[in-house]
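File shown: model_29.txt (compact mmCIF, C-alpha atoms).
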```txt
# COMPACT_ATOMS: atom_id res chain seq x y z
CA MET A 484 -51.76 54.90 14.96
CA GLN A 485 -54.84 52.73 15.28
CA TYR A 486 -57.67 53.45 17.68
CA ARG A 487 -60.27 51.25 19.34
CA ARG A 488 -63.55 52.19 20.98
CA PHE A 489 -62.81 52.25 24.72
CA GLY A 490 -65.93 50.46 25.85
CA ARG A 491 -68.93 52.45 27.00
CA THR A 492 -66.86 55.64 27.22
CA GLY A 493 -66.99 55.80 23.42
CA ILE A 494 -63.51 57.34 23.45
CA PRO A 495 -61.37 56.44 20.40
CA MET A 496 -58.42 55.05 22.38
CA PRO A 497 -55.01 54.61 20.75
CA ILE A 498 -53.85 51.00 20.94
CA PHE A 499 -50.88 52.26 23.00
CA SER A 500 -51.05 54.55 26.02
CA CYS A 501 -48.21 56.66 27.39
CA GLY A 502 -47.66 55.69 31.01
CA GLY A 503 -46.35 58.46 33.24
CA VAL A 504 -43.69 56.77 35.38
CA ARG A 505 -40.44 56.14 33.57
CA PHE A 506 -39.79 59.56 31.98
CA ILE A 507 -40.09 61.45 35.28
CA TYR A 508 -37.51 62.49 37.86
CA ASP A 509 -38.72 60.39 40.80
CA GLU A 510 -41.58 57.89 40.85
CA PHE A 511 -41.69 57.67 44.64
CA LYS A 512 -41.21 61.20 46.03
CA GLU A 513 -42.60 64.62 45.25
CA TYR A 514 -40.27 67.59 44.79
CA PRO A 515 -40.92 71.26 44.21
CA GLN A 516 -40.84 72.05 40.51
CA GLU A 517 -37.64 74.08 40.89
CA LEU A 518 -35.75 71.02 42.18
CA ILE A 519 -36.52 68.89 39.14
CA PRO A 520 -33.42 68.90 36.92
CA GLN A 521 -33.88 70.81 33.70
CA ASP A 522 -32.51 67.99 31.56
CA ASN A 523 -35.02 65.58 33.06
CA GLN A 524 -37.94 67.91 32.38
CA LYS A 525 -36.73 68.42 28.81
CA ASN A 526 -36.61 64.64 28.34
CA ALA A 527 -40.17 64.39 29.71
CA GLU A 528 -41.31 67.07 27.27
CA ALA A 529 -39.59 65.35 24.35
CA THR A 530 -41.16 62.01 25.34
CA ILE A 531 -44.67 63.49 25.50
CA HIS A 532 -44.23 65.35 22.21
CA ARG A 533 -43.03 62.13 20.54
CA SER A 534 -46.04 60.30 21.98
CA LEU A 535 -48.42 62.84 20.47
CA GLU A 536 -46.49 62.93 17.19
CA VAL A 537 -47.14 59.21 16.66
CA GLY A 538 -50.82 59.50 17.67
CA ILE A 539 -50.63 58.34 21.28
CA ASN A 540 -52.81 60.99 22.90
CA HIS A 541 -53.73 58.98 26.02
CA LEU A 542 -51.47 60.09 28.88
CA GLU A 543 -51.81 58.08 32.08
CA THR A 544 -50.46 58.98 35.52
CA ALA A 545 -51.34 58.64 39.22
CA ARG A 546 -51.36 60.54 42.48
CA ILE A 547 -48.70 58.23 43.92
CA TYR A 548 -46.33 58.48 40.94
CA GLY A 549 -43.96 60.91 42.63
CA THR A 550 -43.29 63.90 40.38
CA SER A 551 -45.31 62.56 37.45
CA GLU A 552 -48.41 64.76 37.70
CA MET A 553 -46.34 67.87 38.40
CA GLN A 554 -44.00 67.29 35.48
CA LEU A 555 -46.86 66.38 33.18
CA GLY A 556 -48.80 69.46 34.23
CA ALA A 557 -45.94 71.72 33.18
CA ILE A 558 -46.18 70.19 29.70
CA LEU A 559 -49.96 70.09 29.38
CA SER A 560 -50.26 73.85 29.71
CA GLU A 561 -48.65 74.18 26.27
CA LEU A 562 -50.86 71.59 24.55
CA SER A 563 -54.38 71.56 23.10
CA ARG A 564 -56.55 70.05 25.83
CA GLN A 565 -59.27 68.89 23.43
CA GLU A 566 -56.84 66.56 21.66
CA LEU A 567 -55.74 64.77 24.84
CA ILE A 568 -57.10 61.89 26.90
CA ILE A 569 -55.84 62.42 30.45
CA GLN A 570 -56.09 59.70 33.09
CA THR A 571 -55.00 59.81 36.70
CA LYS A 572 -55.43 57.33 39.52
CA VAL A 573 -56.15 57.78 43.23
CA MET A 574 -55.88 54.98 45.78
CA PRO A 575 -59.09 53.95 47.58
CA GLN A 576 -59.52 55.55 50.99
CA SER A 577 -61.64 54.58 53.98
CA ASP A 578 -62.40 58.31 54.31
CA PRO A 579 -64.11 59.42 51.08
CA GLN A 580 -63.21 63.06 51.70
CA GLN A 581 -59.54 62.11 51.76
CA PHE A 582 -60.07 60.52 48.34
CA ARG A 583 -61.53 63.79 47.09
CA HIS A 584 -58.66 65.78 48.63
CA LEU A 585 -56.09 63.58 46.85
CA PHE A 586 -57.91 63.99 43.54
CA GLU A 587 -58.00 67.78 43.94
CA GLN A 588 -54.22 67.64 44.47
CA SER A 589 -53.91 65.68 41.22
CA LEU A 590 -56.02 68.20 39.34
CA ALA A 591 -53.94 71.09 40.70
CA TYR A 592 -50.63 69.45 39.75
CA LEU A 593 -51.94 68.66 36.29
CA GLY A 594 -53.19 72.22 35.91
CA LEU A 595 -56.51 71.00 34.52
CA ASP A 596 -60.17 71.72 35.04
CA TYR A 597 -61.08 68.07 34.47
CA VAL A 598 -59.66 64.64 33.66
CA ASP A 599 -61.13 62.31 31.10
CA LEU A 600 -60.56 59.17 33.17
CA LEU A 601 -60.36 58.90 36.97
CA THR A 602 -59.28 55.51 38.25
CA ILE A 603 -59.65 54.01 41.71
CA HIS A 604 -56.04 52.92 42.00
CA GLY A 605 -55.92 49.37 43.23
CA ILE A 606 -59.01 47.35 44.04
CA ASN A 607 -56.90 44.37 45.06
CA ASN A 608 -58.91 42.87 47.93
CA GLU A 609 -62.39 42.86 49.44
CA GLN A 610 -61.62 45.73 51.82
CA GLN A 611 -60.55 48.00 48.98
CA LEU A 612 -63.66 47.01 47.04
CA ASN A 613 -65.83 47.89 50.04
CA ASP A 614 -64.02 51.22 50.58
CA SER A 615 -64.55 52.05 46.93
CA ILE A 616 -68.22 51.29 46.37
CA CYS A 617 -69.85 51.35 49.83
CA PHE A 618 -72.51 53.94 50.66
CA GLN A 619 -70.93 57.42 50.60
CA GLY A 620 -67.61 55.80 49.63
CA CYS A 621 -65.07 56.74 46.96
CA LEU A 622 -67.43 55.88 44.16
CA ASP A 623 -69.97 58.42 45.40
CA VAL A 624 -67.21 61.04 45.47
CA ILE A 625 -66.36 60.28 41.84
CA LYS A 626 -70.01 60.54 40.84
CA GLN A 627 -70.14 63.95 42.50
CA LEU A 628 -66.97 64.97 40.65
CA GLN A 629 -68.64 63.87 37.42
CA ARG A 630 -71.65 66.06 38.18
CA GLU A 631 -69.26 68.96 38.78
CA GLY A 632 -67.62 68.39 35.38
CA LYS A 633 -64.23 67.46 36.87
CA VAL A 634 -64.30 63.82 35.75
CA ARG A 635 -65.74 62.35 32.55
CA PHE A 636 -65.49 58.59 33.14
CA ARG A 637 -64.65 56.36 36.09
CA GLY A 638 -62.75 53.10 36.28
CA PHE A 639 -60.57 50.95 38.49
CA SER A 640 -57.15 49.37 38.31
CA THR A 641 -56.39 46.04 39.89
CA HIS A 642 -53.65 43.56 40.66
CA GLY A 643 -56.16 41.37 42.47
CA PRO A 644 -57.36 37.82 41.79
CA THR A 645 -59.57 37.15 38.80
CA ASN A 646 -62.69 36.44 40.85
CA LEU A 647 -62.39 39.81 42.61
CA ILE A 648 -61.93 41.61 39.28
CA ILE A 649 -65.06 39.96 37.92
CA LYS A 650 -66.99 40.79 41.08
CA THR A 651 -65.98 44.44 40.76
CA ILE A 652 -66.92 44.59 37.07
CA GLU A 653 -70.28 43.01 37.83
CA THR A 654 -71.20 45.90 40.13
CA ASP A 655 -71.71 47.73 36.81
CA GLN A 656 -70.37 50.90 38.39
CA PHE A 657 -67.31 51.41 36.22
CA ASP A 658 -66.60 52.42 32.63
CA TYR A 659 -63.19 50.76 32.22
CA VAL A 660 -60.62 48.56 33.95
CA ASN A 661 -56.81 48.54 34.12
CA LEU A 662 -55.59 44.96 34.61
CA HIS A 663 -52.80 42.49 33.83
CA TRP A 664 -52.93 40.19 30.81
CA TYR A 665 -50.22 39.21 28.35
CA TYR A 666 -48.68 36.11 26.77
CA ILE A 667 -46.96 34.77 29.88
CA ASN A 668 -49.93 35.56 32.15
CA GLN A 669 -53.35 34.91 30.64
CA PHE A 670 -55.10 34.14 33.95
CA ASN A 671 -57.41 37.17 33.72
CA TRP A 672 -59.01 36.30 30.38
CA SER A 673 -62.38 35.55 31.99
CA ALA A 674 -62.28 39.01 33.58
CA ILE A 675 -61.63 40.57 30.17
CA GLU A 676 -64.57 38.63 28.74
CA THR A 677 -66.72 39.96 31.60
CA ALA A 678 -65.48 43.49 30.95
CA ASN A 679 -66.47 43.13 27.30
CA TYR A 680 -69.92 41.85 28.30
CA TYR A 681 -70.43 44.96 30.45
CA ASP A 682 -68.89 47.14 27.71
CA LEU A 683 -65.94 48.34 29.78
CA GLY A 684 -62.78 49.75 28.25
CA VAL A 685 -59.83 47.33 28.74
CA PHE A 686 -56.40 48.78 29.50
CA ILE A 687 -53.46 46.38 29.93
CA ILE A 688 -51.02 47.30 32.70
CA SER A 689 -47.25 47.06 32.13
CA PRO A 690 -47.08 44.48 29.32
CA CYS A 691 -43.34 45.06 28.86
CA ASP A 692 -42.17 44.92 32.48
CA LYS A 693 -44.71 42.83 34.39
CA GLY A 694 -45.22 40.96 31.12
CA GLY A 695 -41.70 39.55 31.33
CA MET A 696 -39.09 42.34 31.51
CA LEU A 697 -39.16 42.19 27.73
CA TYR A 698 -36.80 45.16 27.36
CA LYS A 699 -33.98 42.76 28.33
CA PRO A 700 -35.15 39.28 27.32
CA PRO A 701 -33.06 36.11 27.66
CA GLN A 702 -31.52 34.83 24.44
CA LYS A 703 -33.71 31.73 24.47
CA LEU A 704 -36.84 33.87 24.38
CA VAL A 705 -35.33 36.02 21.63
CA ASP A 706 -34.73 32.91 19.52
CA LEU A 707 -38.21 31.52 20.15
CA CYS A 708 -39.92 34.79 19.15
CA TYR A 709 -37.89 35.33 15.96
CA PRO A 710 -38.42 37.14 13.59
CA LEU A 711 -40.11 39.43 16.11
CA SER A 712 -38.51 40.73 19.27
CA PRO A 713 -40.17 39.36 22.43
CA MET A 714 -41.57 42.83 23.06
CA LEU A 715 -43.06 43.11 19.60
CA PHE A 716 -44.40 39.55 19.80
CA ASN A 717 -46.16 40.34 23.08
CA ASP A 718 -47.66 43.54 21.63
CA LEU A 719 -48.96 41.65 18.61
CA PHE A 720 -50.28 38.79 20.74
CA CYS A 721 -52.23 41.16 22.99
CA LEU A 722 -53.55 43.39 20.22
CA SER A 723 -54.58 40.45 18.04
CA HIS A 724 -57.44 40.16 20.54
CA PRO A 725 -60.03 42.87 19.77
CA GLN A 726 -61.24 42.63 23.38
CA ILE A 727 -58.04 44.48 24.33
CA HIS A 728 -58.24 48.20 23.69
CA THR A 729 -54.90 49.68 24.76
CA LEU A 730 -51.48 48.63 26.08
CA SER A 731 -49.58 50.83 28.49
CA LEU A 732 -46.09 51.82 27.35
CA GLY A 733 -43.73 53.07 30.03
CA ALA A 734 -41.51 55.19 27.81
CA ALA A 735 -38.43 56.62 29.49
CA GLN A 736 -37.32 58.53 26.41
CA PRO A 737 -38.67 59.39 22.96
CA SER A 738 -37.03 56.43 21.21
CA ASP A 739 -38.80 53.93 23.48
CA PHE A 740 -41.90 54.08 21.27
CA ASP A 741 -40.09 52.91 18.16
CA GLU A 742 -40.12 49.13 18.63
CA HIS A 743 -43.78 49.11 19.66
CA LEU A 744 -44.90 51.11 16.65
CA LYS A 745 -43.77 48.29 14.34
CA VAL A 746 -46.84 46.31 15.44
CA ILE A 747 -49.19 48.61 13.51
CA GLY A 748 -48.04 47.23 10.18
CA LEU A 749 -48.38 43.64 11.42
CA LEU A 750 -51.90 43.57 12.82
CA GLU A 751 -53.61 42.55 9.58
CA GLN A 752 -51.34 39.48 9.36
CA ALA A 753 -51.39 38.75 13.09
CA ASP A 754 -52.56 35.12 12.87
CA GLU A 755 -50.10 34.25 10.13
CA ILE A 756 -47.18 35.82 12.01
CA LEU A 757 -48.09 34.59 15.48
CA THR A 758 -48.91 30.95 14.74
CA PRO A 759 -45.34 29.65 14.21
CA ILE A 760 -44.06 31.61 17.22
CA LEU A 761 -46.85 30.34 19.47
CA ASN A 762 -46.15 26.79 18.26
CA ARG A 763 -42.44 27.13 19.09
CA LEU A 764 -43.18 28.51 22.54
CA GLN A 765 -45.61 25.68 23.26
CA THR A 766 -43.24 23.03 21.91
CA GLU A 767 -40.39 24.34 24.03
CA ALA A 768 -42.56 24.43 27.15
CA ILE A 769 -43.58 20.79 26.57
CA SER A 770 -39.98 19.78 25.89
CA SER A 771 -38.75 21.47 29.06
CA LEU A 772 -41.61 20.69 31.44
CA GLY A 773 -43.51 17.72 30.00
CA LYS A 774 -46.82 17.67 28.17
CA ASP A 775 -48.95 16.58 31.12
CA TRP A 776 -47.49 19.30 33.32
CA VAL A 777 -47.94 22.05 30.71
CA ASN A 778 -51.56 21.07 30.13
CA SER A 779 -52.63 20.69 33.74
CA TRP A 780 -50.17 22.12 36.29
CA TYR A 781 -52.70 24.76 37.34
CA VAL A 782 -55.66 22.40 37.82
CA GLY A 783 -57.07 22.00 41.32
CA LEU A 784 -54.56 24.24 43.09
CA PRO A 785 -55.71 25.99 46.26
CA SER A 786 -55.56 29.76 46.53
CA TYR A 787 -52.92 31.21 48.81
CA GLN A 788 -55.68 32.08 51.34
CA GLU A 789 -56.61 28.40 51.57
CA THR A 790 -53.02 27.15 51.84
CA PRO A 791 -51.13 26.68 55.13
CA GLY A 792 -48.62 29.45 55.57
CA LYS A 793 -50.36 31.31 52.74
CA ILE A 794 -47.87 29.78 50.32
CA ASN A 795 -48.86 31.06 46.87
CA ILE A 796 -48.59 27.76 45.03
CA PRO A 797 -50.04 28.88 41.66
CA ILE A 798 -47.71 31.87 41.41
CA ILE A 799 -44.64 29.88 42.46
CA LEU A 800 -45.28 27.12 39.93
CA TRP A 801 -46.00 29.67 37.19
CA LEU A 802 -42.72 31.50 37.82
CA ARG A 803 -40.78 28.26 37.95
CA ASN A 804 -42.30 27.25 34.60
CA LEU A 805 -41.12 30.50 32.99
CA ALA A 806 -37.61 30.11 34.37
CA VAL A 807 -37.27 26.50 33.21
CA ALA A 808 -39.03 26.72 29.83
CA TYR A 809 -37.86 30.12 28.58
CA ASP A 810 -34.80 30.96 30.71
CA MET A 811 -36.76 33.85 32.24
CA LEU A 812 -34.84 33.40 35.49
CA GLU A 813 -34.21 37.05 36.30
CA TYR A 814 -37.88 37.92 35.86
CA ALA A 815 -39.02 34.89 37.85
CA GLN A 816 -36.60 35.64 40.68
CA LYS A 817 -37.70 39.25 40.87
CA ARG A 818 -41.38 38.30 41.01
CA TYR A 819 -40.77 35.43 43.45
CA ASN A 820 -38.87 37.59 45.89
CA HIS A 821 -41.57 40.23 45.65
CA LEU A 822 -43.78 37.79 47.54
CA LYS A 823 -41.66 38.63 50.57
CA THR A 824 -42.75 42.26 50.55
CA LYS A 825 -46.35 41.51 51.61
CA ASP A 826 -47.54 43.80 48.84
CA PRO A 827 -51.31 43.29 48.45
CA TRP A 828 -51.04 43.20 44.65
CA PHE A 829 -48.66 40.24 44.75
CA PRO A 830 -49.92 38.43 47.85
CA GLY A 831 -49.08 35.24 49.67
CA ASN A 832 -45.71 33.79 50.66
CA THR A 833 -42.78 31.99 49.09
CA ALA A 834 -42.07 28.31 49.73
CA GLU A 835 -39.40 29.18 52.28
CA GLU A 836 -41.31 27.54 55.15
CA LEU A 837 -42.69 24.68 53.07
CA SER A 838 -41.27 22.01 55.41
CA LYS A 839 -43.48 23.23 58.27
CA PHE A 840 -46.74 22.29 56.54
CA ASP A 841 -48.55 19.24 55.27
CA LEU A 842 -49.99 20.28 51.92
CA GLU A 843 -51.35 16.88 50.93
CA PRO A 844 -54.98 17.58 51.98
CA TYR A 845 -54.93 20.84 50.01
CA LEU A 846 -53.63 19.26 46.81
CA LYS A 847 -56.18 16.45 46.58
CA ASN A 848 -57.77 18.01 43.47
CA SER A 849 -54.48 18.39 41.62
CA PRO A 850 -53.45 15.76 39.04
CA HIS A 851 -49.87 16.40 40.22
CA GLN A 852 -50.48 16.09 43.96
CA ASP A 853 -47.64 13.57 44.34
CA THR A 854 -44.99 15.83 42.80
CA ILE A 855 -45.94 19.41 43.66
CA HIS A 856 -44.20 19.43 47.05
CA LYS A 857 -40.91 18.46 45.39
CA VAL A 858 -41.42 20.99 42.59
CA LEU A 859 -42.04 23.74 45.17
CA GLU A 860 -38.80 22.83 46.94
CA GLU A 861 -36.91 23.01 43.65
CA ALA A 862 -38.59 26.29 42.76
CA HIS A 863 -37.48 27.87 46.03
CA GLN A 864 -33.91 26.77 45.45
CA LEU A 865 -34.01 28.17 41.91
CA LEU A 866 -35.81 31.45 42.54
CA ASN A 867 -35.02 32.55 46.08
CA ILE A 868 -32.47 35.30 46.56
CA PRO A 869 -31.67 35.62 50.29
CA ASN A 870 -32.15 39.12 51.71
CA GLU A 871 -33.28 40.38 48.33
CA LYS A 872 -35.00 43.76 48.44
CA THR A 873 -37.45 44.26 45.63
CA SER A 874 -39.77 46.96 44.38
CA SER A 875 -43.05 46.46 42.55
```
Please rewrite the model in this file as structure tokens.
Amino acid sequence: MQYRRFGRTGIPMPIFSCGGVRFIYDEFKEYPQELIPQDNQKNAEATIHRSLEVGINHLETARIYGTSEMQLGAILSELSRQELIIQTKVMPQSDPQQFRHLFEQSLAYLGLDYVDLLTIHGINNEQQLNDSICFQGCLDVIKQLQREGKVRFRGFSTHGPTNLIIKTIETDQFDYVNLHWYYINQFNWSAIETANYYDLGVFIISPCDKGGMLYKPPQKLVDLCYPLSPMLFNDLFCLSHPQIHTLSLGAAQPSDFDEHLKVIGLLEQADEILTPILNRLQTEAISSLGKDWVNSWYVGLPSYQETPGKINIPIILWLRNLAVAYDMLEYAQKRYNHLKTKDPWFPGNTAEELSKFDLEPYLKNSPHQDTIHKVLEEAHQLLNIPNEKTSS
């Protein structure tokens, strides 16, 4: 295993972290310990022991991850606490004392006296930022918990827009950030640069799932990434940037670490290995979408807040690009239909009601203003699944 300094925390962070969702019994509901099937708990134990065996000593969970903290706590009692980096996350609350109550629940389930990293789980909009850092807000609760020795370092996770992430980092109140960034979605690079300027640890959320459902890639993507698997390519791409400190791995079973671990032997030759793959991916995108479109589709687009009907034009065009260029249709459909859920981490609307609005005044700064309306129509036809129910 390789380790990188996790920003101002000074923690030697393994380049992979063990996320606490997929090996558990239920990620949405809590159950008494006695109702968790024995075979599931044994699989969780085996997954954690494999994680530690390969040097991944950062275990990451959250208050809202169903049975995760409870199942993890049953395992932690048998391990050496000093060798572990434990992180949990609590959603921001308008009532700071409720935030503290939820954290105390986390600590009790984990069976710990303290956590190394406490994360405000989801600063995705201005209201959540205000709830987190306002006078006597959640941040003040965390600072008190630090004084009590129950929390070592504080951070935030986010699915929000880049400008909000940067604004939150620039408060200089946090030690690390959990955010999205991977090959297919590099929009948050300026936020990562800001995090590095402020010496924050940088943790990448869900590079395998949100990074393209790379555990079941389309054949076209497999061919383009050869001789690496798409998952291994994405790992190497992310970790070739020293500004990235750790990637979250959602292991469901002990063997799920195996493919990722191959990256360790490739890091010293990262540029040599990545260059031909990156060239193929770029060439295919240009062949499928056109050079002008690839180089400028994102220029001058309005945010969903500025767009009639809150149509999320940048996200829709991005997903359509992935589906057309790399055959990532299943991923693009899943993400597109998630817009219907009104989830604050994937905000805005689909193009379903596009015909109701005149977008021309809002596209005046786009070099593709004459074609975007038609592309949005085509994207909706390609990506929409009527009555589709999606989860995050």
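Considering the residues A:Glu861, A:Asp509, A:Asp623, A:Glu836 and counting all atoms listed in the file, Arg583 (chain A) has its shortest atom-to-atom contact with A:Asp623.
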Next on the checklist: Nearest residue to Thr729 (chain A) out of A:Tyr681, A:Tyr698, A:Phe686, A:Trp664, using only C-alpha atoms?
Outcome noted: A:Phe686
Checklist entry - Between A:Ile687, A:Ile675, A:Leu800, A:Val782, which has the minimum distance to Leu846 (chain A) (counting all atoms listed in the file)? => result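 Among A:Ile687, A:Ile675, A:Leu800, A:Val782, it is A:Val782 that comes nearest to Leu846 (chain A).
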Checklist entry - Can you list, as number ranges by chain, every protein, DNA or RNA residue that comes within 9 Å of region 632-645 of chain A when you count all atoms listed in the file, leaving out same-chain residues fewer than 4 positions away? => result A: 492, 572, 590, 595-608, 622, 625-628, 649-651, 656-663, 670-674, 683-684, 686, 688, 827-830
Selection to disk with C-alpha atoms, as an mmCIF file, keeping the file's coordinate frame:
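Produced file part-v9.cif, reproduced below:
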```cif
data_model
loop_
_atom_site.group_PDB
_atom_site.id
_atom_site.type_symbol
_atom_site.label_atom_id
_atom_site.label_comp_id
_atom_site.auth_asym_id
_atom_site.auth_seq_id
_atom_site.Cartn_x
_atom_site.Cartn_y
_atom_site.Cartn_z
ATOM 1 C CA THR A 492 -66.860 55.640 27.220
ATOM 2 C CA LYS A 572 -55.430 57.330 39.520
ATOM 3 C CA LEU A 590 -56.020 68.200 39.340
ATOM 4 C CA LEU A 595 -56.510 71.000 34.520
ATOM 5 C CA ASP A 596 -60.170 71.720 35.040
ATOM 6 C CA TYR A 597 -61.080 68.070 34.470
ATOM 7 C CA VAL A 598 -59.660 64.640 33.660
ATOM 8 C CA ASP A 599 -61.130 62.310 31.100
ATOM 9 C CA LEU A 600 -60.560 59.170 33.170
ATOM 10 C CA LEU A 601 -60.360 58.900 36.970
ATOM 11 C CA THR A 602 -59.280 55.510 38.250
ATOM 12 C CA ILE A 603 -59.650 54.010 41.710
ATOM 13 C CA HIS A 604 -56.040 52.920 42.000
ATOM 14 C CA GLY A 605 -55.920 49.370 43.230
ATOM 15 C CA ILE A 606 -59.010 47.350 44.040
ATOM 16 C CA ASN A 607 -56.900 44.370 45.060
ATOM 17 C CA ASN A 608 -58.910 42.870 47.930
ATOM 18 C CA LEU A 622 -67.430 55.880 44.160
ATOM 19 C CA ILE A 625 -66.360 60.280 41.840
ATOM 20 C CA LYS A 626 -70.010 60.540 40.840
ATOM 21 C CA GLN A 627 -70.140 63.950 42.500
ATOM 22 C CA LEU A 628 -66.970 64.970 40.650
ATOM 23 C CA ILE A 649 -65.060 39.960 37.920
ATOM 24 C CA LYS A 650 -66.990 40.790 41.080
ATOM 25 C CA THR A 651 -65.980 44.440 40.760
ATOM 26 C CA GLN A 656 -70.370 50.900 38.390
ATOM 27 C CA PHE A 657 -67.310 51.410 36.220
ATOM 28 C CA ASP A 658 -66.600 52.420 32.630
ATOM 29 C CA TYR A 659 -63.190 50.760 32.220
ATOM 30 C CA VAL A 660 -60.620 48.560 33.950
ATOM 31 C CA ASN A 661 -56.810 48.540 34.120
ATOM 32 C CA LEU A 662 -55.590 44.960 34.610
ATOM 33 C CA HIS A 663 -52.800 42.490 33.830
ATOM 34 C CA PHE A 670 -55.100 34.140 33.950
ATOM 35 C CA ASN A 671 -57.410 37.170 33.720
ATOM 36 C CA TRP A 672 -59.010 36.300 30.380
ATOM 37 C CA SER A 673 -62.380 35.550 31.990
ATOM 38 C CA ALA A 674 -62.280 39.010 33.580
ATOM 39 C CA LEU A 683 -65.940 48.340 29.780
ATOM 40 C CA GLY A 684 -62.780 49.750 28.250
ATOM 41 C CA PHE A 686 -56.400 48.780 29.500
ATOM 42 C CA ILE A 688 -51.020 47.300 32.700
ATOM 43 C CA PRO A 827 -51.310 43.290 48.450
ATOM 44 C CA TRP A 828 -51.040 43.200 44.650
ATOM 45 C CA PHE A 829 -48.660 40.240 44.750
ATOM 46 C CA PRO A 830 -49.920 38.430 47.850
#
```
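Compared by their closest atoms to Leu704 (chain A), and using all atoms listed in the file, the residues A:Leu749, A:Ile760, A:Met496, A:Cys501 rank with A:Ile760 nearest.
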Checklist entry - In Å, how far is it from CA of Asn679 (chain A) to CA of Gly783 (chain A)? => result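 Between CA of Asn679 (chain A) and CA of Gly783 (chain A) the gap works out to 27.0 Å.
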Item to check | Atom pair CA of Glu561 (chain A) / CA of Leu593 (chain A): separation (Å) | outcome: 11.9 Å
Item to check | Distance criterion (all atoms listed in the file): nearest to Glu755 (chain A) out of A:Ser723, A:Val777, A:His821, A:Tyr814 | outcome: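 Nearest candidate to Glu755 (chain A) out of A:Ser723, A:Val777, A:His821, A:Tyr814: A:Ser723.
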Next on the checklist: Taking 6 positions as the minimum chain separation for residues in the same chain, which residues sit within 10 Å of Tyr486 (chain A) when counting all atoms listed in the file? Answer as a PyMOL selection string.
Outcome noted: chain A and resi 494-499+538-539+728-729
Selection from above, C-alpha atoms, as a PDB file, keeping the file's coordinate frame, can you write it?
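After the write, selection.pdb holds the following:
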```
ATOM      1  CA  ILE A 494     -63.510  57.340  23.450  1.00  0.00           C
ATOM      2  CA  PRO A 495     -61.370  56.440  20.400  1.00  0.00           C
ATOM      3  CA  MET A 496     -58.420  55.050  22.380  1.00  0.00           C
ATOM      4  CA  PRO A 497     -55.010  54.610  20.750  1.00  0.00           C
ATOM      5  CA  ILE A 498     -53.850  51.000  20.940  1.00  0.00           C
ATOM      6  CA  PHE A 499     -50.880  52.260  23.000  1.00  0.00           C
ATOM      7  CA  GLY A 538     -50.820  59.500  17.670  1.00  0.00           C
ATOM      8  CA  ILE A 539     -50.630  58.340  21.280  1.00  0.00           C
ATOM      9  CA  HIS A 728     -58.240  48.200  23.690  1.00  0.00           C
ATOM     10  CA  THR A 729     -54.900  49.680  24.760  1.00  0.00           C
TER      11      THR A 729
END
```
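In terms of minimum interatomic distance to Met811 (chain A), A:Leu866 ranks closest within A:Cys621, A:Met714, A:Leu866, A:Val573, counting all atoms listed in the file.
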Could you list, as a short mmCIF file (atom, residue, chain, number, x, y, z; two decimals) with C-alpha atoms, in the frame of the given file, every residue within 10 Å of Cys691 (chain A), counting all atoms listed in the file and ignoring same-chain residues fewer than 2 positions away?
```cif
data_model
loop_
_atom_site.label_atom_id
_atom_site.label_comp_id
_atom_site.auth_asym_id
_atom_site.auth_seq_id
_atom_site.Cartn_x
_atom_site.Cartn_y
_atom_site.Cartn_z
CA TYR A 665 -50.22 39.21 28.35
CA ILE A 688 -51.02 47.30 32.70
CA SER A 689 -47.25 47.06 32.13
CA LYS A 693 -44.71 42.83 34.39
CA GLY A 694 -45.22 40.96 31.12
CA GLY A 695 -41.70 39.55 31.33
CA MET A 696 -39.09 42.34 31.51
CA LEU A 697 -39.16 42.19 27.73
CA TYR A 698 -36.80 45.16 27.36
CA LYS A 699 -33.98 42.76 28.33
CA PRO A 713 -40.17 39.36 22.43
CA MET A 714 -41.57 42.83 23.06
CA LEU A 715 -43.06 43.11 19.60
CA ASN A 717 -46.16 40.34 23.08
CA ASP A 718 -47.66 43.54 21.63
CA LEU A 730 -51.48 48.63 26.08
CA SER A 731 -49.58 50.83 28.49
CA LEU A 732 -46.09 51.82 27.35
CA GLY A 733 -43.73 53.07 30.03
#
```
Checklist entry - Could you state the separation of CA of Glu510 (chain A) and CA of Thr550 (chain A) in Å, given to one decimal place? => result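 These two atoms are separated by 6.3 Å.
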With region 801-806 of chain A as the partner and 8 Å as the cut-off, tabulate the residues of region 666-775 of chain A that qualify, each row holding the nearest pair of atoms and their distance in Å to one decimal, using only C-alpha atoms, sorted by chain and rising number, as CSV.
```
residue,atom,partner,partner_atom,distance
A:Ile667,CA,A:Leu805,CA,7.9
A:Ala768,CA,A:Asn804,CA,8.0
A:Leu772,CA,A:Asn804,CA,7.3
```
